[in-house]
Structure formats: C-alpha cells, structure tokens
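Participant: Quick one: structure below, then a few questions.
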Amino acid sequence: MIRKNGRILIGILATAAAAFAAAIYFLFFKEPGVNQGGEGLSRFKVETTRGEHGWGYNIRQDTTLVIEQKVIPGVPGMSGFATEQEAAKTGGLVKHKLDQGVFPPTVSIHELDSLSIKYQ
C-alpha cells in the first residue's frame, strides 16, 4: 500500500514539475511575435526585386536574408517572373510555407499554375 501511494505521489510530482517547466518556458523564453503554429504574426517578409532575367523576390526573417530567388522556382532555365505581381504572389506562397514550418519551401509546377504564373 505504501509503495502504491509512493508511486502515485512520484507521478503527481513529475507531472507538476513538467507543467511548471512548460509554464516557465512559455512565459520567459518564447520569443514574442514568433509564429509557433503557423498562425498570427510572421517574422518573414517578402520583397520583390528587378534583375537582369526579370522579376524575383527575397524573403527575409527580420533583417536576415533567408531566400534570394532571382528566377522562377521549379522551372528549368534562368527566366525571372514577367511581372512584379507574379514574383510577389509566388513569394507570398513561399512565405506561407515558411510560416507553416515547411522547409525547404519548394514550389511545384502545379502551384505555379494555380497562381497563374506564366513560365516557359
């Protein structure tokens, strides 16, 4: 009987310690504005760029350049986007994938088609 009560007490203490550690983490160590579950604030930003092959996009996390995409992703060759809007739409898709924790955030031909991106 004493062993059984001791095991129950140890289980309760272990659960309480885990809950306390989780509370401390979320209160003091979780960075504000970090997108933990794919919802809410995003620290990723898309900016379009004009290059020698057409339009492209950069994705930054705060001030750090994470992705520099000068050509249409998923398509062979060195062609950039025809318009700034196409680059922005594709960059937005990649940003969404990063927000969701998808890495690497690849872009398929099917996704380009669904965004109405023109490519050769």
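All residue names refer to the structure tokens as shown: chains lettered A, B, ... in order, residues numbered from 1 in each chain, ligands numbered from 1 in order.
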Neighbours of range 57-69 of chain A within 8 Å (only C-alpha atoms; same-chain residues fewer than 3 positions away dropped), as a list in words?
Facilitator: Arg43, Phe44, Lys45, Val46, Glu47, Thr48, Thr49, Ile72, Pro73, Ala87, Ala88, Gly91 and Lys95 of chain A
Participant: Near Gln120 in chain A, within 12 Å and counting only C-alpha atoms, which residues show up once chain neighbours fewer than 6 positions away are dropped, as a JSON list (two decimals) with C-alpha atoms, in the first residue's frame?
Facilitator:
[["chain", "number", "residue", "atom", "x", "y", "z"],
["A", 71, "VAL", "CA", 14.42, 33.06, -61.31],
["A", 72, "ILE", "CA", 11.10, 31.22, -61.34],
["A", 74, "GLY", "CA", 10.67, 24.78, -60.10],
["A", 75, "VAL", "CA", 11.22, 25.68, -63.75],
["A", 76, "PRO", "CA", 14.40, 24.85, -65.68],
["A", 77, "GLY", "CA", 16.33, 27.80, -67.05],
["A", 78, "MET", "CA", 17.16, 31.29, -65.95],
["A", 79, "SER", "CA", 13.86, 33.09, -66.55],
["A", 80, "GLY", "CA", 12.61, 35.56, -63.98],
["A", 81, "PHE", "CA", 8.98, 36.42, -63.42],
["A", 82, "ALA", "CA", 7.34, 38.52, -66.14],
["A", 109, "ILE", "CA", 4.68, 23.49, -61.44],
["A", 112, "LEU", "CA", 2.74, 27.97, -60.25],
["A", 113, "ASP", "CA", -0.21, 27.06, -62.47]]
Participant: Between CA of Lys70 in chain A and CA of Ser114 in chain A, what is the distance in Å, rounded to a tenth?
Facilitator: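 It comes out at 20.4 Å.
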Participant: Can you work out the spacing between CA of Tyr119 in chain A and CA of Asp99 in chain A in Å, to one decimal?
Facilitator: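 Value for the CA of Tyr119 in chain A-CA of Asp99 in chain A distance: 25.9 Å.
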Participant: Could you tell me which of A:Glu111, A:Val102, A:Gly56, A:His96 comes closest to Glu84 in chain A if we count only C-alpha atoms?
Facilitator: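 For Glu84 in chain A, the nearest of the given residues is A:Gly56.
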Participant: Pick from A:Thr106, A:Lys89, A:Thr83, A:Ile8: nearest to His53 in chain A, with only C-alpha atoms counted?
Facilitator: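 Residue with the minimum atom-to-atom distance to His53 in chain A: A:Thr83.
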